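Scroll down for the structure; my scribbles are underneath it.
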Amino acid sequence: MPAQNSTIHNLRFTSDTTPKPFVIVTPSHVSHIQGTILCSKKIGLQIRTRSGGHDSEGMSYISQVPFVIVDLRNMHSIKIDVHSQTTWVEAGATLGEVYDWVNEKNENLSLGAGYCPTVCAAGHFGGGGYGPLM
């Protein structure tokens with residue numbers, strides 16, 4: 001399976017006629033994202049970000065102009081501070097991973113987020129995905 005299609009859940013965007021990115025960058029550190037943005041702007045590429053690929057409209061992985069995809073799947077760190085009851089989640093962490101981490105740290109803590117464990121934090125917290133207010 002091509003890297004372009006590896007996380008696409010809406011199969012209508014996997015056809016041969018779907019516009020393909022110039023490159024797909026899978027950063028593991030914030031500095032990789034900064035470098036990608038600077039280089040992309042310098043050579044005139046539009047930037048698309050994706051984390052889980054649940055984008056039903058294809059905004060995170062298609063474009064009619066030359067573009068680069070910043071695939072955030074490798075940025076999935078989760079830090080939980082039980083004392084302050086706060087959680088820091090990177091964009092590529094799935095909601096399932098977040099729920100597991102919260103439960104491992106303290107079974108008395110809970111987190112209200114989405115219903116689909118494979119949706120990534122960036123998409124869900126950015127307004128995508130299904131949640132309790134659906």
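Labels for the structure tokens follow display order: chains A, B, ..., residues from 1 in each chain, ligands from 1.
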With only C-alpha atoms as the counted atoms, please give the residues lying no more than 8 Å from Ile80 in chain A, apart from itself and same-chain residues fewer than 6 positions off, as a PDB file with N, CA and C atoms, in the first residue's frame.
ATOM      1  N   THR A  86      -3.758  16.765  34.904  1.00  0.00           N
ATOM      2  CA  THR A  86      -3.614  17.286  33.545  1.00  0.00           C
ATOM      3  C   THR A  86      -2.968  16.236  32.653  1.00  0.00           C
ATOM      4  N   THR A  87      -3.267  16.322  31.386  1.00  0.00           N
ATOM      5  CA  THR A  87      -2.704  15.410  30.401  1.00  0.00           C
ATOM      6  C   THR A  87      -2.217  16.217  29.206  1.00  0.00           C
ATOM      7  N   TRP A  88      -0.991  15.944  28.768  1.00  0.00           N
ATOM      8  CA  TRP A  88      -0.436  16.549  27.562  1.00  0.00           C
ATOM      9  C   TRP A  88      -0.362  15.453  26.513  1.00  0.00           C
ATOM     10  N   TRP A 101      -3.504   5.144  28.758  1.00  0.00           N
ATOM     11  CA  TRP A 101      -2.526   5.813  29.616  1.00  0.00           C
ATOM     12  C   TRP A 101      -3.182   6.390  30.865  1.00  0.00           C
ATOM     13  N   VAL A 102      -4.324   7.031  30.682  1.00  0.00           N
ATOM     14  CA  VAL A 102      -5.023   7.614  31.835  1.00  0.00           C
ATOM     15  C   VAL A 102      -5.384   6.513  32.818  1.00  0.00           C
ATOM     16  N   LYS A 105      -2.304   5.154  34.758  1.00  0.00           N
ATOM     17  CA  LYS A 105      -1.769   6.068  35.770  1.00  0.00           C
ATOM     18  C   LYS A 105      -2.631   6.118  37.025  1.00  0.00           C
TER      19      LYS A 105
END
| field | Expected answer as a list in words: helix (DSSP H, G or I) residues in range 36-107 of chain A | value | Thr36, Ile37, Leu38, Cys39, Ser40, Lys41, Lys42, Ile43, Leu72, Arg73, Asn74, Leu95, Gly96, Glu97, Val98, Tyr99, Asp100, Trp101, Val102, Asn103, Glu104 and Lys105 of chain A
| Which neighbours of Thr94 in chain A fall inside 7 Å, counting only C-alpha atoms, when residues of the same chain fewer than 3 positions from it are skipped, and could you give them as a list in words? | Glu97, Val98, Pro117, Thr118, Val119, Cys120 and Ala121 of chain A
Please dump the current selection as a compact mmCIF listing (two decimals), in the first residue's frame; keep N, CA and C atoms.
# COMPACT_ATOMS: atom_id res chain seq x y z
N GLU A 97 -5.13 5.13 22.88
CA GLU A 97 -3.87 5.21 23.64
C GLU A 97 -4.02 6.16 24.83
N VAL A 98 -4.68 7.27 24.61
CA VAL A 98 -4.88 8.24 25.69
C VAL A 98 -5.68 7.61 26.82
N PRO A 117 -11.68 4.78 19.17
CA PRO A 117 -10.33 4.70 19.73
C PRO A 117 -9.22 4.89 18.71
N THR A 118 -9.52 4.86 17.40
CA THR A 118 -8.48 5.02 16.40
C THR A 118 -8.37 6.45 15.87
N VAL A 119 -9.24 7.34 16.30
CA VAL A 119 -9.13 8.75 15.93
C VAL A 119 -7.97 9.35 16.71
N CYS A 120 -7.13 10.12 16.04
CA CYS A 120 -5.99 10.73 16.73
C CYS A 120 -6.39 12.04 17.40
N ALA A 121 -5.59 12.41 18.37
CA ALA A 121 -5.88 13.59 19.19
C ALA A 121 -6.01 14.86 18.35
| message | Neighbouring residues of Ser40 in chain A were defined as those with any atom within 9 Å, considering only C-alpha atoms; residues of the same chain fewer than 5 positions away were excluded. Please report them as a list in words. | response |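 Near neighbours after the sequence-gap exclusion: Gly35, Leu45, Gln46, Ile47, Phe67 and Val68 of chain A.
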Restrict the selected residues to C-alpha atoms and save them as a short mmCIF file (atom, residue, chain, number, x, y, z; two decimals), in the first residue's frame.
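Result file selection_13.cif:
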data_model
loop_
_atom_site.label_atom_id
_atom_site.label_comp_id
_atom_site.auth_asym_id
_atom_site.auth_seq_id
_atom_site.Cartn_x
_atom_site.Cartn_y
_atom_site.Cartn_z
CA GLY A 35 11.87 22.60 8.91
CA LEU A 45 4.16 23.82 -1.66
CA GLN A 46 0.87 23.85 0.21
CA ILE A 47 1.02 22.04 3.57
CA PHE A 67 1.48 19.96 -1.68
CA VAL A 68 3.31 18.17 1.11
#
| task | Write out as a PyMOL selection string which residues come within 8 Å of Pro21 in chain A when counting only C-alpha atoms, dropping same-chain ones fewer than 4 positions away. | result | chain A and resi 4+61-62+66-69
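Closest to Gln64 in chain A among A:Phe125, A:Phe22, A:Tyr99, A:Tyr115 is A:Phe22, based on only C-alpha atoms.
Comparing A:Gln85, A:Ser77, A:Ser51, A:Ser63 by their smallest distance to Asn106 in chain A, the closest is A:Gln85 (using only C-alpha atoms).
Of the residues in range 13-111 of chain A, those given strand (DSSP E) by DSSP on the backbone are A:Val23, A:Ile24, A:Val25, A:Gln46, A:Ile47, A:Arg48, A:Thr49, A:Arg50, A:Phe67, A:Val68, A:Ile69, A:Val70, A:Asp71, A:Ile78, A:Lys79, A:Ile80, A:Asp81, A:Thr86, A:Thr87, A:Trp88, A:Val89.
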| field | Best match for closeness to Cys116 in chain A among A:Gly96, A:Ile33, A:Val65, A:Glu104, counting only C-alpha atoms | value |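 When distances to Cys116 in chain A are compared using only C-alpha atoms, the smallest one comes from A:Gly96.
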| Between A:Ala91, A:Val25, A:Ile43, A:Leu111, which has the minimum distance to Asp71 in chain A (counting only C-alpha atoms)? |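 Once distances to Asp71 in chain A are computed over only C-alpha atoms, the minimum belongs to A:Val25.
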| query | Which one is closest to Pro27 in chain A: A:Lys41, A:Leu72, A:Thr49, A:Met59? Count only C-alpha atoms. | reply |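 The closest residue to Pro27 in chain A is A:Leu72.
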| said: I want to know what sits within 7 Å of His76 in chain A, based on only C-alpha atoms, with residues of the same chain fewer than 4 positions away left out; could you give that as a list in words? | reply: Glu90, Ala91, Gly92 and Ala93 of chain A
| query | Of the candidates A:Ser60, A:Ile78, A:Gly114, A:His83, which shows the shortest atom-to-atom distance to Pro19 in chain A, using only C-alpha atoms? | reply |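 Ranking A:Ser60, A:Ile78, A:Gly114, A:His83 by distance to Pro19 in chain A, first place goes to A:Ser60.
The two atoms in question, CA of Thr26 in chain A and CA of Val70 in chain A, are spaced 6.0 Å apart.
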